[in-house]
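Trainee: Quick one, work07.txt (compact mmCIF, C-alpha atoms):
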```
# COMPACT_ATOMS: atom_id res chain seq x y z
CA MET A 1387 0.00 0.00 0.00
CA TRP A 1388 1.14 3.51 -0.73
CA SER A 1389 0.98 6.23 1.87
CA LEU A 1390 -1.61 8.83 0.98
CA CYS A 1391 1.02 11.51 1.50
CA ARG A 1392 4.15 10.02 0.02
CA LEU A 1393 7.03 11.84 -1.68
CA LYS A 1394 9.02 9.62 -4.00
CA THR A 1395 12.71 9.67 -4.61
CA PRO A 1396 14.09 11.72 -7.50
CA MET A 1397 14.53 8.56 -9.60
CA GLU A 1398 10.95 7.47 -8.95
CA ARG A 1399 9.74 10.95 -9.83
CA LEU A 1400 11.39 10.63 -13.22
CA GLN A 1401 10.17 7.10 -13.84
CA THR A 1402 6.59 7.06 -12.60
CA THR A 1403 3.56 9.16 -12.03
CA ARG A 1404 3.37 10.24 -8.45
CA ASN A 1405 1.06 10.00 -5.58
CA SER A 1406 2.92 13.16 -0.94
CA PRO A 1407 6.07 20.65 7.38
CA LEU A 1408 4.93 20.52 6.84
CA ALA A 1409 3.34 22.54 9.41
CA ALA A 1410 2.53 25.99 8.13
CA SER A 1411 5.72 27.67 9.28
CA SER A 1412 8.07 24.83 8.43
CA VAL A 1413 11.00 25.25 6.08
CA LEU A 1414 10.60 21.84 4.49
CA PRO A 1415 8.31 18.84 4.37
CA ILE A 1416 8.75 15.61 6.17
CA VAL A 1417 9.25 12.98 3.50
CA ARG A 1418 7.21 9.85 3.01
CA HIS A 1419 8.41 6.36 2.12
CA MET A 1420 6.44 3.51 0.62
CA ARG A 1421 5.13 1.73 3.68
CA THR A 1422 2.04 -0.21 4.68
CA LYS A 1423 -0.26 1.78 6.92
CA PRO A 1424 -0.64 -0.20 10.15
CA THR A 1425 -4.08 -1.27 11.30
CA GLY A 1426 -5.54 -0.07 14.57
CA GLU A 1427 -4.47 2.98 16.52
CA LEU A 1428 -1.36 4.60 15.06
CA ARG A 1429 1.60 5.49 17.24
CA ARG A 1430 2.73 9.12 17.16
CA GLY A 1431 6.36 10.15 16.87
CA TRP A 1432 8.59 13.13 17.50
CA THR A 1433 9.87 15.74 15.06
CA THR A 1434 13.50 16.48 14.32
CA GLY A 1435 12.96 19.76 16.19
CA ALA A 1436 11.85 17.92 19.34
CA CYS A 1437 14.85 15.59 19.09
CA ALA A 1438 17.23 18.53 18.65
CA THR A 1439 15.71 20.26 21.67
CA ALA A 1440 16.15 17.15 23.82
CA ALA A 1441 19.74 16.81 22.63
CA THR A 1442 20.39 20.48 23.41
CA LYS A 1443 19.08 20.16 26.94
CA ALA A 1444 21.05 17.00 27.69
CA ALA A 1445 24.26 18.43 26.23
CA LEU A 1446 23.91 21.58 28.32
CA GLN A 1447 23.53 19.49 31.44
CA ARG A 1448 26.94 17.97 30.69
CA LEU A 1449 28.47 21.33 29.71
CA TRP A 1450 27.20 23.10 32.81
CA GLY A 1451 26.45 20.33 35.27
CA GLY A 1452 29.17 17.78 34.82
CA ALA A 1453 27.33 14.59 33.83
CA PHE A 1454 25.27 13.29 30.96
CA PRO A 1455 21.79 12.10 31.93
CA ALA A 1456 20.55 8.66 30.85
CA SER A 1457 17.49 10.33 29.36
CA VAL A 1458 16.04 13.81 29.01
CA THR A 1459 12.53 15.22 29.26
CA ILE A 1460 11.42 18.34 27.40
CA THR A 1461 8.24 20.39 27.27
CA LEU A 1462 6.60 20.72 23.85
CA PRO A 1463 4.72 23.84 22.71
CA LYS A 1464 1.36 22.39 23.75
CA GLY A 1465 2.58 21.23 27.13
CA GLU A 1466 3.38 17.55 26.52
CA THR A 1467 6.52 16.24 28.19
CA PRO A 1468 8.11 13.36 26.26
CA THR A 1469 11.28 11.67 27.45
CA PHE A 1470 14.12 10.72 25.10
CA PRO A 1471 16.94 8.25 25.74
CA LEU A 1472 20.41 9.35 24.71
CA ALA A 1473 21.82 7.44 21.73
CA HIS A 1474 25.20 9.20 21.65
CA HIS A 1475 27.21 11.57 23.79
CA ALA A 1476 30.66 13.09 23.79
CA SER A 1477 32.37 16.10 25.34
CA GLY A 1478 35.50 18.22 25.36
CA ALA A 1479 36.99 21.06 27.37
CA ASP A 1480 34.33 23.63 26.39
CA TRP A 1481 31.73 21.64 24.48
CA ALA A 1482 29.36 18.74 24.83
CA GLU A 1483 27.20 16.90 22.32
CA VAL A 1484 24.28 14.51 22.45
CA GLY A 1485 22.57 12.44 19.79
CA ILE A 1486 18.90 11.46 19.88
CA THR A 1487 17.54 8.82 17.51
CA LYS A 1488 14.40 10.10 15.85
CA ASP A 1489 11.32 7.95 16.35
CA ALA A 1490 8.61 8.95 13.88
CA GLY A 1491 6.13 6.48 15.34
CA ASP A 1492 4.03 4.82 12.65
CA ASP A 1493 4.56 7.63 10.15
CA PRO A 1494 6.48 6.79 6.94
CA ASP A 1495 8.99 9.57 7.50
CA VAL A 1496 12.38 9.41 5.76
CA THR A 1497 14.11 10.75 8.87
CA HIS A 1498 12.76 7.94 11.06
CA GLY A 1499 15.78 6.36 12.73
CA ALA A 1500 18.10 9.27 11.89
CA LEU A 1501 20.51 10.42 14.58
CA ILE A 1502 19.95 14.08 15.48
CA ILE A 1503 23.15 15.41 17.05
CA VAL A 1504 23.51 18.73 18.84
CA ARG A 1505 26.83 20.14 20.00
CA VAL A 1506 26.73 23.05 22.43
CA ALA A 1507 29.70 25.30 23.13
CA ALA A 1508 30.15 28.40 25.25
CA SER A 1509 30.08 31.65 23.27
CA ASN A 1510 29.06 35.29 23.51
CA GLY A 1511 26.00 37.16 22.25
CA GLY A 1512 23.12 34.86 23.10
CA VAL A 1513 22.13 31.70 21.26
CA VAL A 1514 23.74 31.18 17.85
CA PHE A 1515 22.69 28.37 15.50
CA ARG A 1516 25.04 26.56 13.14
CA ALA A 1517 24.44 23.89 10.49
CA GLY A 1518 26.60 20.83 10.97
CA GLU A 1519 26.91 17.77 8.77
CA GLY A 1520 23.65 16.92 7.01
CA VAL A 1521 21.74 20.08 7.94
CA GLY A 1522 20.91 22.45 5.11
CA THR A 1523 21.44 26.16 4.58
CA VAL A 1524 18.79 28.52 3.19
CA THR A 1525 19.85 30.10 -0.12
CA LYS A 1526 16.58 31.58 -1.46
CA PRO A 1527 14.20 34.15 0.04
CA GLY A 1528 10.58 33.37 0.81
CA LEU A 1529 11.11 30.90 3.64
CA PRO A 1530 10.62 31.70 7.34
CA ILE A 1531 14.40 31.55 7.81
CA ALA A 1532 16.70 34.21 6.36
CA VAL A 1533 19.06 33.48 3.49
CA GLY A 1534 22.38 32.19 4.78
CA GLU A 1535 20.91 30.76 7.96
CA PRO A 1536 20.84 27.07 8.93
CA ALA A 1537 17.58 25.43 7.88
CA ILE A 1538 16.31 25.16 11.43
CA ASN A 1539 12.62 25.99 11.63
CA PRO A 1540 11.46 28.91 13.84
CA VAL A 1541 9.62 26.76 16.38
CA PRO A 1542 12.54 24.36 16.98
CA ARG A 1543 14.79 27.40 17.34
CA GLN A 1544 12.49 28.77 20.02
CA MET A 1545 12.28 25.38 21.74
CA MET A 1546 16.07 25.15 21.87
CA GLN A 1547 16.38 28.73 23.09
CA ASP A 1548 13.86 27.92 25.83
CA ALA A 1549 15.93 24.88 26.80
CA VAL A 1550 19.04 27.07 26.99
CA ALA A 1551 17.24 29.58 29.22
CA GLU A 1552 15.93 26.79 31.47
CA MET A 1553 19.31 25.12 31.88
CA ALA A 1554 21.16 28.43 32.29
CA ALA A 1555 18.84 29.38 35.15
CA GLU A 1556 19.18 25.94 36.73
CA HIS A 1557 22.98 26.00 36.62
CA GLY A 1558 23.59 29.71 37.16
CA GLN A 1559 25.13 30.19 33.74
CA SER A 1560 24.89 32.88 31.08
CA ALA A 1561 22.59 31.83 28.23
CA ASP A 1562 25.31 32.36 25.60
CA VAL A 1563 25.91 29.23 23.54
CA THR A 1564 26.52 28.13 19.98
CA ILE A 1565 24.24 25.27 18.97
CA THR A 1566 25.42 23.15 16.04
CA VAL A 1567 22.88 20.64 14.73
CA SER A 1568 24.00 17.68 12.61
CA VAL A 1569 22.28 14.71 10.99
CA PRO A 1570 24.77 12.12 9.71
CA GLY A 1571 23.66 11.10 6.23
CA GLY A 1572 21.32 14.07 6.05
CA ALA A 1573 22.68 15.32 2.73
CA GLU A 1574 21.67 12.07 1.06
CA LEU A 1575 18.27 12.04 2.74
CA ALA A 1576 17.66 15.62 1.61
CA LEU A 1577 17.77 14.49 -2.02
CA LYS A 1578 14.46 12.72 -1.31
CA THR A 1579 12.86 15.96 -0.15
CA TRP A 1580 11.87 19.27 -1.71
CA ASN A 1581 14.90 21.02 -0.17
CA PRO A 1582 16.82 21.48 -3.44
CA ARG A 1583 13.76 23.01 -5.12
CA LEU A 1584 13.20 25.38 -2.22
CA GLY A 1585 16.81 26.52 -2.28
CA ILE A 1586 17.96 24.66 0.84
CA THR A 1587 21.37 23.18 0.14
CA GLY A 1588 23.60 20.72 1.93
CA GLY A 1589 21.12 18.72 3.93
CA LEU A 1590 17.84 18.40 5.78
CA SER A 1591 15.78 20.93 7.68
CA ILE A 1592 15.05 20.72 11.40
CA LEU A 1593 11.28 20.87 11.60
CA GLY A 1594 8.19 20.87 13.75
CA THR A 1595 5.61 23.28 15.07
CA THR A 1596 4.20 21.01 17.77
CA GLY A 1597 7.10 18.59 18.26
CA ILE A 1598 4.76 15.72 17.38
CA VAL A 1599 4.66 13.64 14.19
CA ARG A 1600 1.08 12.63 13.46
CA PRO A 1601 1.08 9.41 11.38
CA PHE A 1602 0.08 9.60 7.73
CA SER A 1603 -0.88 13.29 7.95
CA CYS A 1604 -1.27 15.22 4.70
CA ALA A 1605 -0.69 18.60 6.35
CA ALA A 1606 3.05 18.39 5.68
CA TRP A 1607 2.58 18.11 1.92
CA ILE A 1608 0.06 20.94 1.72
CA ALA A 1609 2.21 23.28 3.77
CA SER A 1610 5.17 22.43 1.56
CA ILE A 1611 3.15 23.58 -1.46
CA HIS A 1612 2.62 26.84 0.40
CA ARG A 1613 6.35 27.23 0.97
CA GLY A 1614 6.96 26.63 -2.72
CA ILE A 1615 4.56 29.45 -3.54
CA ASP A 1616 6.31 31.72 -1.04
CA VAL A 1617 9.69 31.03 -2.64
CA ALA A 1618 8.32 31.63 -6.15
CA ARG A 1619 6.78 34.96 -5.10
CA ALA A 1620 9.90 36.09 -3.28
CA ASP A 1621 11.92 35.39 -6.42
CA GLY A 1622 9.53 37.46 -8.52
CA LEU A 1623 8.23 34.59 -10.66
CA THR A 1624 5.13 35.40 -12.68
CA HIS A 1625 4.38 31.87 -13.89
CA VAL A 1626 4.21 28.70 -11.82
CA ALA A 1627 2.77 25.24 -12.41
CA GLY A 1628 1.11 22.63 -10.25
CA CYS A 1629 0.95 19.09 -11.59
CA THR A 1630 -0.51 15.82 -10.40
CA GLY A 1631 2.56 13.70 -11.06
CA ALA A 1632 6.14 13.50 -12.28
CA THR A 1633 5.26 12.86 -15.92
CA SER A 1634 2.89 15.81 -16.22
CA GLU A 1635 5.35 17.99 -14.33
CA LYS A 1636 8.14 17.19 -16.77
CA VAL A 1637 5.90 17.89 -19.78
CA VAL A 1638 4.62 21.19 -18.40
CA GLN A 1639 8.07 22.36 -17.35
CA ASN A 1640 9.39 21.70 -20.84
CA LEU A 1641 6.39 23.33 -22.52
CA TYR A 1642 7.02 26.63 -20.76
CA ASP A 1643 10.74 26.36 -19.97
CA LEU A 1644 10.01 26.93 -16.28
CA PRO A 1645 12.73 26.81 -13.61
CA ASP A 1646 12.57 24.11 -10.96
CA HIS A 1647 11.31 26.45 -8.26
CA ALA A 1648 8.33 27.39 -10.44
CA MET A 1649 7.10 23.79 -10.21
CA LEU A 1650 4.74 23.40 -7.26
CA ASP A 1651 4.29 19.86 -5.97
CA MET A 1652 0.51 19.96 -6.16
CA GLY A 1653 -0.06 16.22 -6.36
CA ASP A 1654 -3.60 15.43 -5.30
CA PHE A 1655 -3.97 18.66 -3.34
CA ALA A 1656 -5.37 21.04 -5.93
CA GLY A 1657 -7.43 22.81 -3.28
CA GLY A 1658 -4.45 23.25 -0.97
CA MET A 1659 -2.50 24.90 -3.77
CA LEU A 1660 -5.31 27.02 -5.22
CA LYS A 1661 -6.63 28.38 -1.93
CA TYR A 1662 -3.16 29.57 -0.96
CA LEU A 1663 -2.63 31.10 -4.39
CA ALA A 1664 -5.90 32.99 -3.98
CA LYS A 1665 -4.40 34.79 -0.98
CA ASN A 1666 -0.86 34.89 -2.34
CA PRO A 1667 -1.37 35.33 -6.08
CA ILE A 1668 0.98 34.66 -8.96
CA ALA A 1669 -0.04 36.03 -12.35
CA GLN A 1670 -0.04 32.80 -14.40
CA VAL A 1671 -0.73 29.30 -13.10
CA THR A 1672 -0.59 26.17 -15.23
CA VAL A 1673 -2.37 23.09 -13.90
CA GLY A 1674 -1.32 19.80 -15.48
CA GLY A 1675 -2.13 16.16 -15.04
CA GLY A 1676 -3.46 12.91 -16.40
CA ILE A 1677 -6.97 12.48 -17.69
CA GLY A 1678 -8.30 10.85 -14.51
CA LYS A 1679 -7.33 13.47 -11.98
CA MET A 1680 -8.06 16.32 -14.36
CA THR A 1681 -11.55 14.90 -14.92
CA LYS A 1682 -12.15 14.97 -11.17
CA LEU A 1683 -10.91 18.56 -11.07
CA ALA A 1684 -13.25 19.46 -13.94
CA GLN A 1685 -16.11 17.86 -12.01
CA GLY A 1686 -15.41 19.99 -8.96
CA ALA A 1687 -13.09 17.88 -6.77
CA MET A 1688 -10.26 19.72 -5.01
CA ASP A 1689 -8.73 16.62 -3.39
CA LEU A 1690 -7.86 14.34 -6.29
CA HIS A 1691 -6.78 11.20 -4.41
CA SER A 1692 -8.66 8.05 -5.35
CA SER A 1693 -9.81 7.48 -1.78
CA ARG A 1694 -11.39 10.93 -1.54
CA SER A 1695 -12.88 11.67 -4.96
CA GLN A 1696 -14.16 9.65 -7.91
CA VAL A 1697 -14.87 10.29 -11.59
CA ASP A 1698 -18.58 10.58 -12.32
CA PHE A 1699 -18.87 8.41 -15.43
CA ALA A 1700 -22.60 8.96 -15.78
CA ALA A 1701 -21.92 12.69 -16.02
CA LEU A 1702 -19.28 12.04 -18.68
CA ALA A 1703 -21.80 10.03 -20.69
CA VAL A 1704 -24.23 12.93 -20.62
CA LEU A 1705 -21.51 15.48 -21.34
CA MET A 1706 -20.32 13.63 -24.45
CA ASN A 1707 -23.74 12.26 -25.42
CA ASP A 1708 -22.20 8.79 -25.40
CA PRO A 1709 -23.93 6.18 -23.19
CA ARG A 1710 -20.92 3.88 -23.42
CA LEU A 1711 -18.99 6.15 -21.06
CA ALA A 1712 -21.35 5.42 -18.18
CA SER A 1713 -19.96 1.89 -17.88
CA ALA A 1714 -16.27 2.84 -18.22
CA ASN A 1715 -14.03 1.62 -15.40
CA THR A 1716 -11.49 4.42 -15.60
CA ALA A 1717 -11.14 7.86 -17.15
CA LEU A 1718 -8.44 6.41 -19.38
CA GLU A 1719 -10.91 3.86 -20.71
CA ALA A 1720 -13.48 6.60 -21.21
CA SER A 1721 -10.87 8.59 -23.13
CA GLU A 1722 -10.14 5.61 -25.34
CA ILE A 1723 -13.85 5.21 -26.04
CA ALA A 1724 -14.61 8.86 -26.74
CA GLY A 1725 -11.32 9.80 -28.35
CA PRO A 1726 -9.59 13.22 -28.31
CA PRO A 1727 -12.81 15.26 -27.92
CA LEU A 1728 -13.23 14.02 -24.34
CA ALA A 1729 -9.80 15.26 -23.22
CA GLU A 1730 -10.41 18.56 -24.98
CA MET A 1731 -13.76 18.95 -23.24
CA ILE A 1732 -12.25 18.06 -19.85
CA ALA A 1733 -9.48 20.63 -20.32
CA GLU A 1734 -12.02 23.35 -21.10
CA LEU A 1735 -14.25 22.40 -18.16
CA ALA A 1736 -11.30 22.30 -15.76
CA LEU A 1737 -10.22 25.72 -16.98
CA ASP A 1738 -13.73 27.10 -16.52
CA ARG A 1739 -13.81 25.65 -13.00
CA LEU A 1740 -10.52 27.34 -12.12
CA LYS A 1741 -11.41 30.67 -13.67
CA THR A 1742 -14.78 30.75 -11.93
CA ALA A 1743 -13.38 29.92 -8.50
CA TYR A 1744 -10.21 32.05 -8.71
CA GLN A 1745 -10.95 35.05 -10.89
CA ASP A 1746 -7.81 37.07 -10.15
CA THR A 1747 -5.41 34.51 -11.67
CA SER A 1748 -4.77 33.59 -15.30
CA PHE A 1749 -4.95 29.81 -15.67
CA ASP A 1750 -4.21 27.27 -18.33
CA VAL A 1751 -4.66 23.50 -18.30
CA VAL A 1752 -2.57 20.70 -19.79
CA ILE A 1753 -3.76 17.08 -19.93
CA ILE A 1754 -1.21 14.39 -20.71
CA ASP A 1755 -1.24 10.63 -21.16
CA ARG A 1756 0.97 8.15 -19.35
CA ALA A 1757 3.61 8.32 -22.06
CA GLY A 1758 3.92 12.09 -21.62
CA SER A 1759 2.09 13.13 -24.79
CA VAL A 1760 -0.21 16.13 -24.58
CA LEU A 1761 -3.86 15.09 -25.02
CA ALA A 1762 -5.40 18.53 -24.66
CA ARG A 1763 -4.69 22.11 -23.63
CA ALA A 1764 -6.95 24.98 -22.68
CA GLY A 1765 -6.23 28.62 -21.97
CA GLN A 1766 -2.64 28.65 -23.17
```
Can you present the structure in this file as structure tokens?
Mentor:
Amino acid sequence: MWSLCRLKTPMERLQTTRNSPLAASSVLPIVRHMRTKPTGELRRGWTTGACATAATKAALQRLWGGAFPASVTITLPKGETPTFPLAHHASGADWAEVGITKDAGDDPDVTHGALIIVRVAASNGGVVFRAGEGVGTVTKPGLPIAVGEPAINPVPRQMMQDAVAEMAAEHGQSADVTITVSVPGGAELALKTWNPRLGITGGLSILGTTGIVRPFSCAAWIASIHRGIDVARADGLTHVAGCTGATSEKVVQNLYDLPDHAMLDMGDFAGGMLKYLAKNPIAQVTVGGGIGKMTKLAQGAMDLHSSRSQVDFAALAVLMNDPRLASANTALEASEIAGPPLAEMIAELALDRLKTAYQDTSFDVVIIDRAGSVLARAGQ
């Protein structure tokens, strides 16, 4: 079974059509692997930001108190107090570091099992964050972290600063430390995320707005679409595209010669992309996809996943005045029955739907087949 919110690897994105916080202020999405969704109640996990905060607190105890704890308890933004065992620790004359193994619970998160290491060292001028091995650096505007800064999300930064203040008060120390966060192997893991497209280079982002990973949540994907829009706007782009899969994305990008950061990872979440664009507009938006998902969009669906919307074949039969379409099993079969006019009609209807709902944006629609050939276009 595929996760409903799964991001494939770059190779998969080139080879197949695709089915994927992000919390709203996150720099980068949590990434999904192919994994069977467990039955029964799903176990929650902890974000990289929560792990980094726990590691910070434990390392400060060694730096200022003289001994590493066996485990460390932190307070999350909503008041929960999870406890983390230490997986690694080391220290020197003026530094200490702790590693926490990330447990994502039952969520198919690519960073599940990753070691989140924080080294703390005495410094001057408050809390300073540094990117160590496997943690990315922001290189494009539009994200909640300034260009040149380590890709450590605002909430984890605040959580770590709070931990510094707590431990400084407990040990009678000045809250002046440099915090270096590392994730061994993070640069390789980041290739399976949207970091390169968002202008985050060198590794992963440290994420989380609640500290909690909720299994099989789609919020991370939708919020990542929002961040893509923010980056495109900050870079002054006037044309972006949202596509349902890797094949349609490649076709649309080539049609318009769009840069990578103009390609929004819409996937099944047309509504998540379009609603954000309505409040944060970009002049021209191309929506591309296969005949099935574009038919659902034309029929009014904003969540295009097969578990949450279906093609109305009876409506297609009426639309095309062809009773055979009512018994079609898939939109592809309906397209084979009706021929090119069906795709052309769907493209026009999808365009009308978009223009009616979002009148301040110029849209166009591209429908492609599985081989990457254009079946129909509207509004170009």
Trainee: Please report the interatomic distance between atom CA of Val1752 of chain A and atom CA of Ile1615 of chain A in Å with one decimal.
Mentor: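 Those two atoms sit 19.8 Å apart.
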Trainee: Can you check which parts of segment 1452-1528 of chain A lie within 12 Å of segment 1620-1636 of chain A? Per residue, the shortest pair of atoms and distance in Å to one decimal, counting all atoms listed in the file, sorted by chain and number, as a Markdown table.
Mentor:
```
| residue | atom | partner | partner_atom | distance |
| --- | --- | --- | --- | --- |
| A:Thr1525 | CA | A:Asp1621 | CA | 11.4 |
| A:Lys1526 | CA | A:Asp1621 | CA | 7.8 |
| A:Pro1527 | CA | A:Ala1620 | CA | 5.8 |
| A:Gly1528 | CA | A:Ala1620 | CA | 5.0 |
```
Trainee: Considering all atoms listed in the file, can you say which of A:Val1513, A:Leu1705, A:Ala1618, A:Leu1690 comes closest to Ala1551 of chain A?
Mentor: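 Among the listed residues, A:Val1513 lies closest to Ala1551 of chain A.
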Trainee: Skip Ala1712 of chain A itself and residues of its chain fewer than 6 positions away, then list as a JSON list (two decimals) with C-alpha atoms, in the frame of the given file all residues within 9 Å of it, counting all atoms listed in the file.
Mentor:
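Below you can see part_25.json, which holds the result:
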```json
[["chain", "number", "residue", "atom", "x", "y", "z"],
["A", 1698, "ASP", "CA", -18.58, 10.58, -12.32],
["A", 1699, "PHE", "CA", -18.87, 8.41, -15.43],
["A", 1700, "ALA", "CA", -22.60, 8.96, -15.78],
["A", 1701, "ALA", "CA", -21.92, 12.69, -16.02],
["A", 1702, "LEU", "CA", -19.28, 12.04, -18.68],
["A", 1703, "ALA", "CA", -21.80, 10.03, -20.69],
["A", 1704, "VAL", "CA", -24.23, 12.93, -20.62],
["A", 1720, "ALA", "CA", -13.48, 6.60, -21.21]]
```
Trainee: Give the answer as one residue: which of A:Val1638, A:Ile1732, A:Val1484, A:Ala1554 has the shortest atom-to-atom distance to Val1567 of chain A, using all atoms listed in the file?
Mentor: A:Val1484
Trainee: Quick one, how far is atom CA of Pro1570 of chain A from atom CA of Pro1530 of chain A?
Mentor: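 These atoms are spaced 24.3 Å apart.
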Trainee: Please compute the atom CA of Ile1486 of chain A-atom CA of Ala1549 of chain A distance, one decimal, in Å.
Mentor: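 Computed distance, atom CA of Ile1486 of chain A to atom CA of Ala1549 of chain A, equals 15.4 Å.
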Trainee: Taking 3 positions as the minimum chain separation for residues in the same chain, which residues sit within 8 Å of Leu1718 of chain A when counting only C-alpha atoms? Answer as a ChimeraX atom specification.
Mentor: /A:1677-1678,1721-1722
Trainee: Those residues you just picked out, can you put them in a file as a tab-separated table (two decimals), in the frame of the given file with C-alpha atoms?
Mentor:
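What follows is the written file result-v5.tsv:
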```tsv
chain	number	residue	atom	x	y	z
A	1677	ILE	CA	-6.97	12.48	-17.69
A	1678	GLY	CA	-8.30	10.85	-14.51
A	1721	SER	CA	-10.87	8.59	-23.13
A	1722	GLU	CA	-10.14	5.61	-25.34
```
Trainee: Rank nothing, just name the residue among A:Val1671, A:Gly1657, A:Leu1501, A:Met1546 nearest to Leu1644 of chain A, using all atoms listed in the file.
Mentor: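 Selected residue with least distance to Leu1644 of chain A: A:Val1671.
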Trainee: Using all atoms listed in the file for the distances, tell me which of A:Gly1452, A:Ile1608, A:Lys1578, A:Asp1646 is nearest to Val1496 of chain A.
Mentor: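 Selected residue with least distance to Val1496 of chain A: A:Lys1578.
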Trainee: Out of A:Ser1477, A:Thr1566, A:Asn1666, A:Thr1467, which residue has the shortest atom-to-atom distance to Gly1520 of chain A when counting all atoms listed in the file?
Mentor: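 With all atoms listed in the file as the atom set, the closest residue is A:Thr1566.
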Trainee: Reconstruct N, CA, C and O atoms of segment 1529-1544 of chain A; output as an mmCIF file, in the frame of the given file.
Mentor:
```cif
data_model
loop_
_atom_site.group_PDB
_atom_site.id
_atom_site.type_symbol
_atom_site.label_atom_id
_atom_site.label_comp_id
_atom_site.auth_asym_id
_atom_site.auth_seq_id
_atom_site.Cartn_x
_atom_site.Cartn_y
_atom_site.Cartn_z
ATOM 1 N N LEU A 1529 11.288 31.853 2.555
ATOM 2 C CA LEU A 1529 11.110 30.900 3.640
ATOM 3 C C LEU A 1529 11.125 31.647 4.971
ATOM 4 O O LEU A 1529 11.574 32.788 5.040
ATOM 5 N N PRO A 1530 10.647 31.000 6.051
ATOM 6 C CA PRO A 1530 10.620 31.700 7.340
ATOM 7 C C PRO A 1530 11.980 31.862 7.990
ATOM 8 O O PRO A 1530 12.079 32.413 9.079
ATOM 9 N N ILE A 1531 13.024 31.394 7.327
ATOM 10 C CA ILE A 1531 14.400 31.550 7.810
ATOM 11 C C ILE A 1531 15.164 32.384 6.795
ATOM 12 O O ILE A 1531 15.023 32.194 5.583
ATOM 13 N N ALA A 1532 15.978 33.304 7.249
ATOM 14 C CA ALA A 1532 16.700 34.210 6.360
ATOM 15 C C ALA A 1532 17.736 33.466 5.521
ATOM 16 O O ALA A 1532 18.278 32.432 5.934
ATOM 17 N N VAL A 1533 18.012 34.020 4.353
ATOM 18 C CA VAL A 1533 19.060 33.480 3.490
ATOM 19 C C VAL A 1533 20.389 33.471 4.231
ATOM 20 O O VAL A 1533 20.754 34.439 4.904
ATOM 21 N N GLY A 1534 21.098 32.352 4.110
ATOM 22 C CA GLY A 1534 22.380 32.190 4.780
ATOM 23 C C GLY A 1534 22.303 31.517 6.132
ATOM 24 O O GLY A 1534 23.331 31.127 6.690
ATOM 25 N N GLU A 1535 21.087 31.372 6.653
ATOM 26 C CA GLU A 1535 20.910 30.760 7.960
ATOM 27 C C GLU A 1535 20.768 29.235 7.846
ATOM 28 O O GLU A 1535 20.326 28.720 6.808
ATOM 29 N N PRO A 1536 21.119 28.510 8.915
ATOM 30 C CA PRO A 1536 20.840 27.070 8.930
ATOM 31 C C PRO A 1536 19.344 26.815 8.792
ATOM 32 O O PRO A 1536 18.531 27.591 9.304
ATOM 33 N N ALA A 1537 18.991 25.756 8.096
ATOM 34 C CA ALA A 1537 17.580 25.430 7.880
ATOM 35 C C ALA A 1537 17.011 24.773 9.133
ATOM 36 O O ALA A 1537 16.669 23.584 9.149
ATOM 37 N N ILE A 1538 16.902 25.580 10.151
ATOM 38 C CA ILE A 1538 16.310 25.160 11.430
ATOM 39 C C ILE A 1538 15.053 25.998 11.595
ATOM 40 O O ILE A 1538 15.118 27.221 11.671
ATOM 41 N N ASN A 1539 13.926 25.343 11.634
ATOM 42 C CA ASN A 1539 12.620 25.990 11.630
ATOM 43 C C ASN A 1539 12.447 26.918 12.846
ATOM 44 O O ASN A 1539 13.059 26.701 13.897
ATOM 45 N N PRO A 1540 11.608 27.962 12.713
ATOM 46 C CA PRO A 1540 11.460 28.910 13.840
ATOM 47 C C PRO A 1540 11.018 28.280 15.151
ATOM 48 O O PRO A 1540 11.524 28.652 16.210
ATOM 49 N N VAL A 1541 10.083 27.342 15.112
ATOM 50 C CA VAL A 1541 9.620 26.760 16.380
ATOM 51 C C VAL A 1541 10.707 25.921 17.048
ATOM 52 O O VAL A 1541 10.937 26.059 18.252
ATOM 53 N N PRO A 1542 11.403 25.036 16.331
ATOM 54 C CA PRO A 1542 12.540 24.360 16.980
ATOM 55 C C PRO A 1542 13.599 25.317 17.520
ATOM 56 O O PRO A 1542 14.181 25.059 18.577
ATOM 57 N N ARG A 1543 13.841 26.405 16.804
ATOM 58 C CA ARG A 1543 14.790 27.400 17.340
ATOM 59 C C ARG A 1543 14.307 27.914 18.695
ATOM 60 O O ARG A 1543 15.093 28.028 19.653
ATOM 61 N N GLN A 1544 13.017 28.254 18.757
ATOM 62 C CA GLN A 1544 12.490 28.770 20.020
ATOM 63 C C GLN A 1544 12.540 27.718 21.110
ATOM 64 O O GLN A 1544 12.855 28.016 22.270
#
```
